[in-house]
Amino acid sequence: MRKKIIAGNWKMNKTPKEALELVKLLKDKVNTDKSDVVFCVPFVELIPVLEELKGTNIAVGAQNMYFENSGAYTGEISADMLTEIGVKYVIIGHSERRQYFNETDKTVNKKVIKAIEKSLIPIVCVGETLEQREKGITVDFVRIQIKSAFQNVTSEQAENVIIAYEPIWAIGTGVTATSEQAEEVCSAIRKVISEIYDQNTADKIRIQYGGSVNGSNAKELFGMADIDGGLVGGASLKEDFSNIVNY
Ligand code: PEP
């Protein structure tokens with residue numbers, strides 16, 4: 001039985017002071033028995049948020065990292081920097097990073113490999129545009145993203161990776177995929193994992209849905225057979241995040 005995992009992606013929101021206010025509001029409200037809970041906060045908030053969450057079961061994640069160990073990469077953050085302060089997860093290949101910061105399937109793969117090597121759990125984002133959905137190529141496109149992201153990743157490593165299926169047309173738009181649409185792609189992703197590795201790995205890997213998840217639609221989405229939780233943007237910045245976690 002896969003434990004659900006619900007992660008909040010704060011994106012570029014909240015100053016450190018505001019971040020602590022939100023964490024204080026949420027930390028006693030979210031139930032971590034039923035689901036793993038992760039707050040993916042901006043880099044400068046990682047340390048204060050980790051401090052504030054000491055003694056809870058809420059984990060902290062970063063929203064990006066670089067695939068090199070160290071060196072002349074101005075503005076980048078390494079996996080070692082994250083693990084040393086206690087970060088457990090890292091979002092990789094979010095569609096906004098693919099769209100605005102030239103993240104490619106190749107860099108996603110390099111980051112996945114580096115994150116695993118450094119004992120960070122990658123939350124790997126995949127998902128189609130509206131145009132691709134309308135053309136009927138959603139599953140083909142996501143299959144390519146998954147195959148590339150998992151290149152040179154062993155089955156033992158893969159089973160701990162989190163995949164977030166996030167249709168781009170549903171991110172931040174208020175338009176949520178129906179539970180059937182989300183399940184169709186999440187189940188196709190599990191099938192791709194079984195083809196790359198085996199059924200055992202596919203049964204273990206956790207696949208989130210992301211795209212306008214809120215306290216009202218979480219229960220139906222997370223009730224689908226292949227949806228193991230959510231990656232939540234907008235609603236993770238509000239008290240409603242606790243309704244999602246406690247769905
Ligand atoms: C996201 O940022 O990954 C996301 C799914 O955003 P939202 O929940 O706001 O659609």
# chains A, B, ... in the order shown; residues from 1 in each chain; ligands from 1
>>> closest_atom_pairs(of="chain A", to="ligand 1", cutoff="6 Å", atoms="only C-alpha atoms and all ligand atoms", output="JSON lines")
{"residue": "A:Asn9", "atom": "CA", "partner": "ligand 1", "partner_atom_place_in_ligand_line": "2 (O)", "distance": 5.5}
{"residue": "A:Ala170", "atom": "CA", "partner": "ligand 1", "partner_atom_place_in_ligand_line": "10 (O)", "distance": 5.8}
{"residue": "A:Ile171", "atom": "CA", "partner": "ligand 1", "partner_atom_place_in_ligand_line": "10 (O)", "distance": 3.3}
{"residue": "A:Gly172", "atom": "CA", "partner": "ligand 1", "partner_atom_place_in_ligand_line": "10 (O)", "distance": 3.6}
{"residue": "A:Gly210", "atom": "CA", "partner": "ligand 1", "partner_atom_place_in_ligand_line": "5 (C)", "distance": 4.1}
{"residue": "A:Gly211", "atom": "CA", "partner": "ligand 1", "partner_atom_place_in_ligand_line": "10 (O)", "distance": 3.7}
{"residue": "A:Ser212", "atom": "CA", "partner": "ligand 1", "partner_atom_place_in_ligand_line": "10 (O)", "distance": 3.6}
{"residue": "A:Val213", "atom": "CA", "partner": "ligand 1", "partner_atom_place_in_ligand_line": "8 (O)", "distance": 5.2}
{"residue": "A:Leu231", "atom": "CA", "partner": "ligand 1", "partner_atom_place_in_ligand_line": "3 (O)", "distance": 5.4}
{"residue": "A:Val232", "atom": "CA", "partner": "ligand 1", "partner_atom_place_in_ligand_line": "8 (O)", "distance": 4.1}
{"residue": "A:Gly233", "atom": "CA", "partner": "ligand 1", "partner_atom_place_in_ligand_line": "6 (O)", "distance": 3.3}
{"residue": "A:Gly234", "atom": "CA", "partner": "ligand 1", "partner_atom_place_in_ligand_line": "9 (O)", "distance": 3.7}
>>> write_last_selection(atoms="all heavy atoms", output="JSON list (two decimals), in the first residue's frame")
[["chain", "number", "residue", "atom", "x", "y", "z"],
["A", 9, "ASN", "N", 3.94, 23.47, -3.19],
["A", 9, "ASN", "CA", 4.96, 24.19, -3.96],
["A", 9, "ASN", "C", 4.65, 25.68, -3.83],
["A", 9, "ASN", "O", 3.74, 26.17, -4.47],
["A", 9, "ASN", "CB", 4.92, 23.74, -5.43],
["A", 9, "ASN", "CG", 5.83, 24.57, -6.30],
["A", 9, "ASN", "OD1", 6.72, 25.26, -5.81],
["A", 9, "ASN", "ND2", 5.61, 24.50, -7.61],
["A", 170, "ALA", "N", -3.67, 23.01, -16.40],
["A", 170, "ALA", "CA", -4.39, 22.99, -15.11],
["A", 170, "ALA", "C", -3.61, 23.69, -14.01],
["A", 170, "ALA", "O", -4.11, 23.86, -12.89],
["A", 170, "ALA", "CB", -4.68, 21.54, -14.70],
["A", 171, "ILE", "N", -2.37, 24.12, -14.30],
["A", 171, "ILE", "CA", -1.53, 24.71, -13.26],
["A", 171, "ILE", "C", -1.86, 26.19, -13.10],
["A", 171, "ILE", "O", -1.73, 26.98, -14.04],
["A", 171, "ILE", "CB", -0.03, 24.55, -13.58],
["A", 171, "ILE", "CG1", 0.34, 23.06, -13.61],
["A", 171, "ILE", "CG2", 0.82, 25.28, -12.54],
["A", 171, "ILE", "CD1", 1.79, 22.80, -13.98],
["A", 172, "GLY", "N", -2.33, 26.53, -11.91],
["A", 172, "GLY", "CA", -2.60, 27.94, -11.59],
["A", 172, "GLY", "C", -3.75, 28.54, -12.36],
["A", 172, "GLY", "O", -3.92, 29.76, -12.35],
["A", 210, "GLY", "N", -0.99, 17.16, -9.99],
["A", 210, "GLY", "CA", -0.92, 18.58, -9.65],
["A", 210, "GLY", "C", -1.63, 19.40, -10.70],
["A", 210, "GLY", "O", -1.56, 19.10, -11.91],
["A", 211, "GLY", "N", -2.31, 20.42, -10.26],
["A", 211, "GLY", "CA", -3.03, 21.31, -11.19],
["A", 211, "GLY", "C", -4.34, 21.74, -10.56],
["A", 211, "GLY", "O", -5.34, 21.02, -10.64],
["A", 212, "SER", "N", -4.28, 22.90, -9.85],
["A", 212, "SER", "CA", -5.48, 23.47, -9.23],
["A", 212, "SER", "C", -6.17, 22.52, -8.24],
["A", 212, "SER", "O", -7.39, 22.46, -8.17],
["A", 212, "SER", "CB", -6.45, 23.96, -10.31],
["A", 212, "SER", "OG", -5.84, 24.96, -11.11],
["A", 213, "VAL", "N", -5.35, 21.78, -7.50],
["A", 213, "VAL", "CA", -5.92, 20.95, -6.42],
["A", 213, "VAL", "C", -6.33, 21.90, -5.29],
["A", 213, "VAL", "O", -5.63, 22.86, -4.98],
["A", 213, "VAL", "CB", -4.87, 19.94, -5.89],
["A", 213, "VAL", "CG1", -5.41, 19.18, -4.69],
["A", 213, "VAL", "CG2", -4.44, 18.98, -6.98],
["A", 231, "LEU", "N", 0.74, 17.52, -5.84],
["A", 231, "LEU", "CA", 1.67, 18.65, -5.77],
["A", 231, "LEU", "C", 0.78, 19.88, -5.92],
["A", 231, "LEU", "O", 0.06, 20.02, -6.92],
["A", 231, "LEU", "CB", 2.72, 18.58, -6.88],
["A", 231, "LEU", "CG", 3.78, 19.68, -6.89],
["A", 231, "LEU", "CD1", 4.53, 19.77, -5.57],
["A", 231, "LEU", "CD2", 4.79, 19.46, -8.03],
["A", 232, "VAL", "N", 0.82, 20.73, -4.91],
["A", 232, "VAL", "CA", -0.18, 21.79, -4.79],
["A", 232, "VAL", "C", 0.50, 23.15, -4.83],
["A", 232, "VAL", "O", 1.41, 23.40, -4.04],
["A", 232, "VAL", "CB", -0.94, 21.63, -3.45],
["A", 232, "VAL", "CG1", -2.04, 22.69, -3.34],
["A", 232, "VAL", "CG2", -1.50, 20.23, -3.30],
["A", 233, "GLY", "N", 0.07, 24.01, -5.73],
["A", 233, "GLY", "CA", 0.64, 25.35, -5.82],
["A", 233, "GLY", "C", -0.16, 26.34, -5.00],
["A", 233, "GLY", "O", -0.01, 26.44, -3.78],
["A", 234, "GLY", "N", -1.05, 27.06, -5.66],
["A", 234, "GLY", "CA", -1.80, 28.15, -5.04],
["A", 234, "GLY", "C", -2.41, 27.82, -3.69],
["A", 234, "GLY", "O", -2.27, 28.59, -2.73]]
>>> select_by_dssp(residues="stretch 16-232 of chain A", states="strand (DSSP E or B)", output="PyMOL selection string")
chain A and resi 35-40+59-62+89-92+121-126+162-165+206-210+229-232
>>> closest_atom_pairs(of="stretch 109-181 of chain A", to="stretch 78-89 of chain A", cutoff="12 Å", atoms="only C-alpha atoms", output="JSON lines")
{"residue": "A:Lys111", "atom": "CA", "partner": "A:Ala79", "partner_atom": "CA", "distance": 9.1}
{"residue": "A:Val112", "atom": "CA", "partner": "A:Ala79", "partner_atom": "CA", "distance": 10.6}
{"residue": "A:Ile113", "atom": "CA", "partner": "A:Ala79", "partner_atom": "CA", "distance": 10.8}
{"residue": "A:Lys114", "atom": "CA", "partner": "A:Ala79", "partner_atom": "CA", "distance": 7.4}
{"residue": "A:Ala115", "atom": "CA", "partner": "A:Ala79", "partner_atom": "CA", "distance": 6.2}
{"residue": "A:Ile116", "atom": "CA", "partner": "A:Ala79", "partner_atom": "CA", "distance": 9.4}
{"residue": "A:Glu117", "atom": "CA", "partner": "A:Ala79", "partner_atom": "CA", "distance": 9.1}
{"residue": "A:Lys118", "atom": "CA", "partner": "A:Ala79", "partner_atom": "CA", "distance": 6.3}
{"residue": "A:Ser119", "atom": "CA", "partner": "A:Thr83", "partner_atom": "CA", "distance": 7.7}
{"residue": "A:Leu120", "atom": "CA", "partner": "A:Lys88", "partner_atom": "CA", "distance": 5.3}
{"residue": "A:Ile121", "atom": "CA", "partner": "A:Tyr89", "partner_atom": "CA", "distance": 4.6}
{"residue": "A:Pro122", "atom": "CA", "partner": "A:Tyr89", "partner_atom": "CA", "distance": 5.8}
{"residue": "A:Ile123", "atom": "CA", "partner": "A:Tyr89", "partner_atom": "CA", "distance": 6.9}
{"residue": "A:Val124", "atom": "CA", "partner": "A:Tyr89", "partner_atom": "CA", "distance": 10.4}
{"residue": "A:Asn160", "atom": "CA", "partner": "A:Tyr89", "partner_atom": "CA", "distance": 10.9}
{"residue": "A:Val161", "atom": "CA", "partner": "A:Tyr89", "partner_atom": "CA", "distance": 9.6}
{"residue": "A:Ile162", "atom": "CA", "partner": "A:Tyr89", "partner_atom": "CA", "distance": 9.3}
{"residue": "A:Ile163", "atom": "CA", "partner": "A:Tyr89", "partner_atom": "CA", "distance": 12.0}
>>> write_last_selection(atoms="N, CA and C atoms", output="mmCIF file, in the first residue's frame")
data_model
loop_
_atom_site.group_PDB
_atom_site.id
_atom_site.type_symbol
_atom_site.label_atom_id
_atom_site.label_comp_id
_atom_site.auth_asym_id
_atom_site.auth_seq_id
_atom_site.Cartn_x
_atom_site.Cartn_y
_atom_site.Cartn_z
ATOM 1 N N LYS A 111 19.673 16.229 -13.161
ATOM 2 C CA LYS A 111 19.329 16.648 -11.799
ATOM 3 C C LYS A 111 18.758 15.477 -10.991
ATOM 4 N N VAL A 112 17.951 14.647 -11.653
ATOM 5 C CA VAL A 112 17.391 13.469 -10.961
ATOM 6 C C VAL A 112 18.533 12.582 -10.485
ATOM 7 N N ILE A 113 19.489 12.339 -11.370
ATOM 8 C CA ILE A 113 20.620 11.461 -11.018
ATOM 9 C C ILE A 113 21.424 12.061 -9.857
ATOM 10 N N LYS A 114 21.682 13.355 -9.933
ATOM 11 C CA LYS A 114 22.471 13.998 -8.867
ATOM 12 C C LYS A 114 21.689 13.991 -7.543
ATOM 13 N N ALA A 115 20.415 14.289 -7.598
ATOM 14 C CA ALA A 115 19.610 14.300 -6.371
ATOM 15 C C ALA A 115 19.666 12.929 -5.700
ATOM 16 N N ILE A 116 19.477 11.876 -6.487
ATOM 17 C CA ILE A 116 19.490 10.516 -5.922
ATOM 18 C C ILE A 116 20.860 10.206 -5.332
ATOM 19 N N GLU A 117 21.905 10.548 -6.085
ATOM 20 C CA GLU A 117 23.286 10.297 -5.601
ATOM 21 C C GLU A 117 23.512 10.954 -4.237
ATOM 22 N N LYS A 118 22.868 12.094 -4.030
ATOM 23 C CA LYS A 118 23.072 12.851 -2.798
ATOM 24 C C LYS A 118 21.965 12.606 -1.761
ATOM 25 N N SER A 119 21.168 11.572 -1.990
ATOM 26 C CA SER A 119 20.103 11.177 -1.057
ATOM 27 C C SER A 119 18.990 12.194 -0.885
ATOM 28 N N LEU A 120 18.748 12.965 -1.921
ATOM 29 C CA LEU A 120 17.543 13.809 -1.941
ATOM 30 C C LEU A 120 16.473 13.053 -2.720
ATOM 31 N N ILE A 121 15.224 13.229 -2.329
ATOM 32 C CA ILE A 121 14.148 12.566 -3.080
ATOM 33 C C ILE A 121 13.618 13.539 -4.128
ATOM 34 N N PRO A 122 13.789 13.192 -5.411
ATOM 35 C CA PRO A 122 13.290 14.092 -6.447
ATOM 36 C C PRO A 122 11.780 13.970 -6.611
ATOM 37 N N ILE A 123 11.142 15.110 -6.796
ATOM 38 C CA ILE A 123 9.728 15.137 -7.212
ATOM 39 C C ILE A 123 9.781 15.594 -8.672
ATOM 40 N N VAL A 124 9.670 14.648 -9.580
ATOM 41 C CA VAL A 124 9.897 14.930 -11.002
ATOM 42 C C VAL A 124 8.576 15.293 -11.668
ATOM 43 N N ASN A 160 11.935 5.089 -5.139
ATOM 44 C CA ASN A 160 11.788 6.167 -4.147
ATOM 45 C C ASN A 160 11.523 7.535 -4.760
ATOM 46 N N VAL A 161 11.617 7.619 -6.077
ATOM 47 C CA VAL A 161 11.380 8.899 -6.745
ATOM 48 C C VAL A 161 9.875 9.181 -6.739
ATOM 49 N N ILE A 162 9.520 10.456 -6.616
ATOM 50 C CA ILE A 162 8.112 10.844 -6.710
ATOM 51 C C ILE A 162 7.910 11.452 -8.098
ATOM 52 N N ILE A 163 6.846 11.049 -8.762
ATOM 53 C CA ILE A 163 6.505 11.671 -10.050
ATOM 54 C C ILE A 163 5.286 12.558 -9.823
#
>>> residues_around(residues="A:Glu103", least_positions_apart="5", cutoff="10 Å", atoms="only C-alpha atoms", output="JSON, numbers by chain")
{"A": [92, 93, 94, 95, 96, 97, 98, 108]}
>>> residues_around(residues="A:Gly8", least_positions_apart="3", cutoff="10 Å", atoms="only C-alpha atoms", output="tab-separated table (two decimals) with N, CA and C atoms, in the first residue's frame")
chain	number	residue	atom	x	y	z
A	11	LYS	N	6.35	28.14	-4.78
A	11	LYS	CA	6.88	28.95	-5.90
A	11	LYS	C	7.59	30.19	-5.34
A	37	VAL	N	3.91	14.70	4.21
A	37	VAL	CA	3.62	16.10	3.89
A	37	VAL	C	4.95	16.84	3.71
A	38	VAL	N	5.03	17.62	2.65
A	38	VAL	CA	6.27	18.34	2.33
A	38	VAL	C	5.93	19.79	2.01
A	39	PHE	N	6.71	20.71	2.56
A	39	PHE	CA	6.60	22.12	2.19
A	39	PHE	C	7.81	22.46	1.32
A	40	CYS	N	7.57	22.77	0.05
A	40	CYS	CA	8.67	23.15	-0.85
A	40	CYS	C	8.70	24.67	-0.93
A	41	VAL	N	9.66	25.24	-0.22
A	41	VAL	CA	9.65	26.69	0.00
A	41	VAL	C	10.82	27.33	-0.74
A	60	VAL	N	10.73	19.15	4.48
A	60	VAL	CA	10.94	20.38	3.71
A	60	VAL	C	11.63	20.03	2.40
A	61	GLY	N	11.17	20.69	1.34
A	61	GLY	CA	11.75	20.45	0.02
A	61	GLY	C	12.18	21.76	-0.62
A	210	GLY	N	-0.99	17.16	-9.99
A	210	GLY	CA	-0.92	18.58	-9.65
A	210	GLY	C	-1.63	19.40	-10.70
A	230	GLY	N	-0.76	14.73	-4.05
A	230	GLY	CA	-0.76	15.89	-4.95
A	230	GLY	C	0.43	16.80	-4.77
A	231	LEU	N	0.74	17.52	-5.84
A	231	LEU	CA	1.67	18.65	-5.77
A	231	LEU	C	0.78	19.88	-5.92
A	232	VAL	N	0.82	20.73	-4.91
A	232	VAL	CA	-0.18	21.79	-4.79
A	232	VAL	C	0.50	23.15	-4.83
A	233	GLY	N	0.07	24.01	-5.73
A	233	GLY	CA	0.64	25.35	-5.82
A	233	GLY	C	-0.16	26.34	-5.00
A	234	GLY	N	-1.05	27.06	-5.66
A	234	GLY	CA	-1.80	28.15	-5.04
A	234	GLY	C	-2.41	27.82	-3.69
A	235	ALA	N	-3.05	26.67	-3.59
A	235	ALA	CA	-3.76	26.34	-2.35
A	235	ALA	C	-2.80	25.97	-1.21
A	236	SER	N	-1.51	25.79	-1.52
A	236	SER	CA	-0.57	25.47	-0.44
A	236	SER	C	-0.16	26.73	0.33
A	237	LEU	N	-0.57	27.88	-0.18
A	237	LEU	CA	-0.22	29.15	0.46
A	237	LEU	C	-1.30	29.61	1.42
A	241	PHE	N	-4.69	24.39	2.55
A	241	PHE	CA	-3.75	23.27	2.38
A	241	PHE	C	-4.03	22.17	3.40
A	245	VAL	N	-4.54	18.13	2.74
A	245	VAL	CA	-3.79	17.06	3.41
A	245	VAL	C	-4.73	16.14	4.19
>>> closest_residue(among="A:Ser242, A:Tyr197, A:Glu183, A:Gly229", to="A:Ala7", atoms="only C-alpha atoms")
A:Gly229
>>> atom_distance(atom1="atom CA of A:Glu21", atom2="atom CA of A:Ser216")
23.8 Å
>>> closest_residue(among="A:Val153, A:Ala202, A:Cys186, A:Val44", to="A:Asn13", atoms="only C-alpha atoms")
A:Val44
>>> atom_distance(atom1="atom CA of A:Thr176", atom2="atom CA of A:Ile244")
14.1 Å
>>> residues_around(residues="A:Met224", least_positions_apart="4", cutoff="10 Å", atoms="only C-alpha atoms", output="PyMOL selection string")
chain A and resi 179-180+182-184+186-187+219-220+228-229
>>> atom_distance(atom1="atom CA of A:Ser194", atom2="atom CA of A:Asn109")
18.4 Å
>>> closest_residue(among="A:Arg190, A:Lys29, A:Arg133, A:Lys14", to="A:Ile207", atoms="only C-alpha atoms")
A:Arg190
>>> closest_residue(among="A:Glu76, A:Asp36, A:Glu131, A:Asp28", to="A:Ala59", atoms="only C-alpha atoms")
A:Asp36
>>> closest_residue(among="A:Thr32, A:Gln145, A:Thr56, A:Asn102", to="A:Ala164", atoms="only C-alpha atoms")
A:Gln145
>>> closest_residue(among="A:Thr178, A:Asn152, A:Asn246, A:Gln199", to="A:Lys106", atoms="only C-alpha atoms")
A:Asn152
>>> select_by_dssp(residues="stretch 78-228 of chain A", states="helix (DSSP H, G or I)", output="number ranges by chain")
A: 79-85, 95-100, 105-117, 130-135, 138-149, 155-158, 168-170, 179-196, 199-204, 218-222
>>> decode(residues="stretch 60-71 of chain A", atoms="all heavy atoms", output="PDB file, in the first residue's frame")
ATOM      1  N   VAL A  60      10.728  19.149   4.479  1.00  0.00           N
ATOM      2  CA  VAL A  60      10.939  20.378   3.712  1.00  0.00           C
ATOM      3  C   VAL A  60      11.627  20.033   2.397  1.00  0.00           C
ATOM      4  O   VAL A  60      12.517  19.176   2.349  1.00  0.00           O
ATOM      5  CB  VAL A  60      11.768  21.382   4.537  1.00  0.00           C
ATOM      6  CG1 VAL A  60      12.127  22.611   3.709  1.00  0.00           C
ATOM      7  CG2 VAL A  60      10.977  21.805   5.778  1.00  0.00           C
ATOM      8  N   GLY A  61      11.170  20.687   1.339  1.00  0.00           N
ATOM      9  CA  GLY A  61      11.752  20.452   0.020  1.00  0.00           C
ATOM     10  C   GLY A  61      12.179  21.758  -0.620  1.00  0.00           C
ATOM     11  O   GLY A  61      11.671  22.835  -0.277  1.00  0.00           O
ATOM     12  N   ALA A  62      13.134  21.644  -1.554  1.00  0.00           N
ATOM     13  CA  ALA A  62      13.523  22.799  -2.370  1.00  0.00           C
ATOM     14  C   ALA A  62      12.753  22.724  -3.691  1.00  0.00           C
ATOM     15  O   ALA A  62      12.143  21.698  -4.009  1.00  0.00           O
ATOM     16  CB  ALA A  62      15.023  22.778  -2.620  1.00  0.00           C
ATOM     17  N   GLN A  63      12.797  23.801  -4.432  1.00  0.00           N
ATOM     18  CA  GLN A  63      12.029  23.853  -5.695  1.00  0.00           C
ATOM     19  C   GLN A  63      12.915  23.647  -6.914  1.00  0.00           C
ATOM     20  O   GLN A  63      12.423  23.627  -8.050  1.00  0.00           O
ATOM     21  CB  GLN A  63      11.311  25.198  -5.806  1.00  0.00           C
ATOM     22  CG  GLN A  63      10.315  25.440  -4.688  1.00  0.00           C
ATOM     23  CD  GLN A  63       9.758  26.846  -4.709  1.00  0.00           C
ATOM     24  OE1 GLN A  63       9.866  27.566  -5.701  1.00  0.00           O
ATOM     25  NE2 GLN A  63       9.161  27.255  -3.619  1.00  0.00           N
ATOM     26  N   ASN A  64      14.208  23.498  -6.672  1.00  0.00           N
ATOM     27  CA  ASN A  64      15.163  23.317  -7.766  1.00  0.00           C
ATOM     28  C   ASN A  64      16.523  23.035  -7.151  1.00  0.00           C
ATOM     29  O   ASN A  64      16.738  23.263  -5.949  1.00  0.00           O
ATOM     30  CB  ASN A  64      15.234  24.600  -8.608  1.00  0.00           C
ATOM     31  CG  ASN A  64      16.119  24.475  -9.828  1.00  0.00           C
ATOM     32  OD1 ASN A  64      16.263  23.399 -10.415  1.00  0.00           O
ATOM     33  ND2 ASN A  64      16.748  25.575 -10.218  1.00  0.00           N
ATOM     34  N   MET A  65      17.450  22.539  -7.957  1.00  0.00           N
ATOM     35  CA  MET A  65      18.869  22.430  -7.572  1.00  0.00           C
ATOM     36  C   MET A  65      19.664  22.285  -8.852  1.00  0.00           C
ATOM     37  O   MET A  65      19.091  22.026  -9.915  1.00  0.00           O
ATOM     38  CB  MET A  65      19.123  21.221  -6.655  1.00  0.00           C
ATOM     39  CG  MET A  65      18.618  19.918  -7.225  1.00  0.00           C
ATOM     40  SD  MET A  65      19.434  18.452  -6.583  1.00  0.00           S
ATOM     41  CE  MET A  65      20.563  18.089  -7.933  1.00  0.00           C
ATOM     42  N   TYR A  66      20.985  22.424  -8.750  1.00  0.00           N
ATOM     43  CA  TYR A  66      21.816  22.247  -9.937  1.00  0.00           C
ATOM     44  C   TYR A  66      22.437  20.853  -9.928  1.00  0.00           C
ATOM     45  O   TYR A  66      22.553  20.230  -8.875  1.00  0.00           O
ATOM     46  CB  TYR A  66      22.897  23.338 -10.000  1.00  0.00           C
ATOM     47  CG  TYR A  66      23.481  23.464 -11.392  1.00  0.00           C
ATOM     48  CD1 TYR A  66      22.649  23.565 -12.505  1.00  0.00           C
ATOM     49  CD2 TYR A  66      24.858  23.464 -11.595  1.00  0.00           C
ATOM     50  CE1 TYR A  66      23.178  23.659 -13.783  1.00  0.00           C
ATOM     51  CE2 TYR A  66      25.388  23.570 -12.875  1.00  0.00           C
ATOM     52  CZ  TYR A  66      24.553  23.657 -13.964  1.00  0.00           C
ATOM     53  OH  TYR A  66      25.075  23.750 -15.222  1.00  0.00           O
ATOM     54  N   PHE A  67      22.825  20.380 -11.123  1.00  0.00           N
ATOM     55  CA  PHE A  67      23.318  18.997 -11.210  1.00  0.00           C
ATOM     56  C   PHE A  67      24.821  18.853 -10.998  1.00  0.00           C
ATOM     57  O   PHE A  67      25.335  17.747 -10.979  1.00  0.00           O
ATOM     58  CB  PHE A  67      22.905  18.352 -12.535  1.00  0.00           C
ATOM     59  CG  PHE A  67      23.261  19.139 -13.769  1.00  0.00           C
ATOM     60  CD1 PHE A  67      24.562  19.211 -14.234  1.00  0.00           C
ATOM     61  CD2 PHE A  67      22.258  19.804 -14.465  1.00  0.00           C
ATOM     62  CE1 PHE A  67      24.866  19.937 -15.368  1.00  0.00           C
ATOM     63  CE2 PHE A  67      22.563  20.536 -15.614  1.00  0.00           C
ATOM     64  CZ  PHE A  67      23.884  20.599 -16.069  1.00  0.00           C
ATOM     65  N   GLU A  68      25.543  19.980 -10.853  1.00  0.00           N
ATOM     66  CA  GLU A  68      26.979  19.873 -10.555  1.00  0.00           C
ATOM     67  C   GLU A  68      27.173  19.921  -9.033  1.00  0.00           C
ATOM     68  O   GLU A  68      26.327  20.435  -8.313  1.00  0.00           O
ATOM     69  CB  GLU A  68      27.748  21.015 -11.212  1.00  0.00           C
ATOM     70  CG  GLU A  68      27.735  20.987 -12.738  1.00  0.00           C
ATOM     71  CD  GLU A  68      28.547  19.833 -13.340  1.00  0.00           C
ATOM     72  OE1 GLU A  68      29.225  19.112 -12.588  1.00  0.00           O
ATOM     73  OE2 GLU A  68      28.467  19.654 -14.567  1.00  0.00           O
ATOM     74  N   ASN A  69      28.312  19.411  -8.572  1.00  0.00           N
ATOM     75  CA  ASN A  69      28.560  19.359  -7.125  1.00  0.00           C
ATOM     76  C   ASN A  69      28.842  20.730  -6.525  1.00  0.00           C
ATOM     77  O   ASN A  69      28.394  21.045  -5.427  1.00  0.00           O
ATOM     78  CB  ASN A  69      29.752  18.447  -6.820  1.00  0.00           C
ATOM     79  CG  ASN A  69      29.385  16.996  -7.007  1.00  0.00           C
ATOM     80  OD1 ASN A  69      28.226  16.608  -6.858  1.00  0.00           O
ATOM     81  ND2 ASN A  69      30.365  16.184  -7.355  1.00  0.00           N
ATOM     82  N   SER A  70      29.657  21.524  -7.248  1.00  0.00           N
ATOM     83  CA  SER A  70      30.037  22.849  -6.751  1.00  0.00           C
ATOM     84  C   SER A  70      30.783  23.550  -7.876  1.00  0.00           C
ATOM     85  O   SER A  70      31.055  22.940  -8.909  1.00  0.00           O
ATOM     86  CB  SER A  70      30.971  22.723  -5.537  1.00  0.00           C
ATOM     87  OG  SER A  70      32.185  22.095  -5.941  1.00  0.00           O
ATOM     88  N   GLY A  71      31.100  24.814  -7.680  1.00  0.00           N
ATOM     89  CA  GLY A  71      31.943  25.487  -8.671  1.00  0.00           C
ATOM     90  C   GLY A  71      31.353  26.780  -9.174  1.00  0.00           C
ATOM     91  O   GLY A  71      30.498  27.393  -8.522  1.00  0.00           O
TER      92      GLY A  71
END
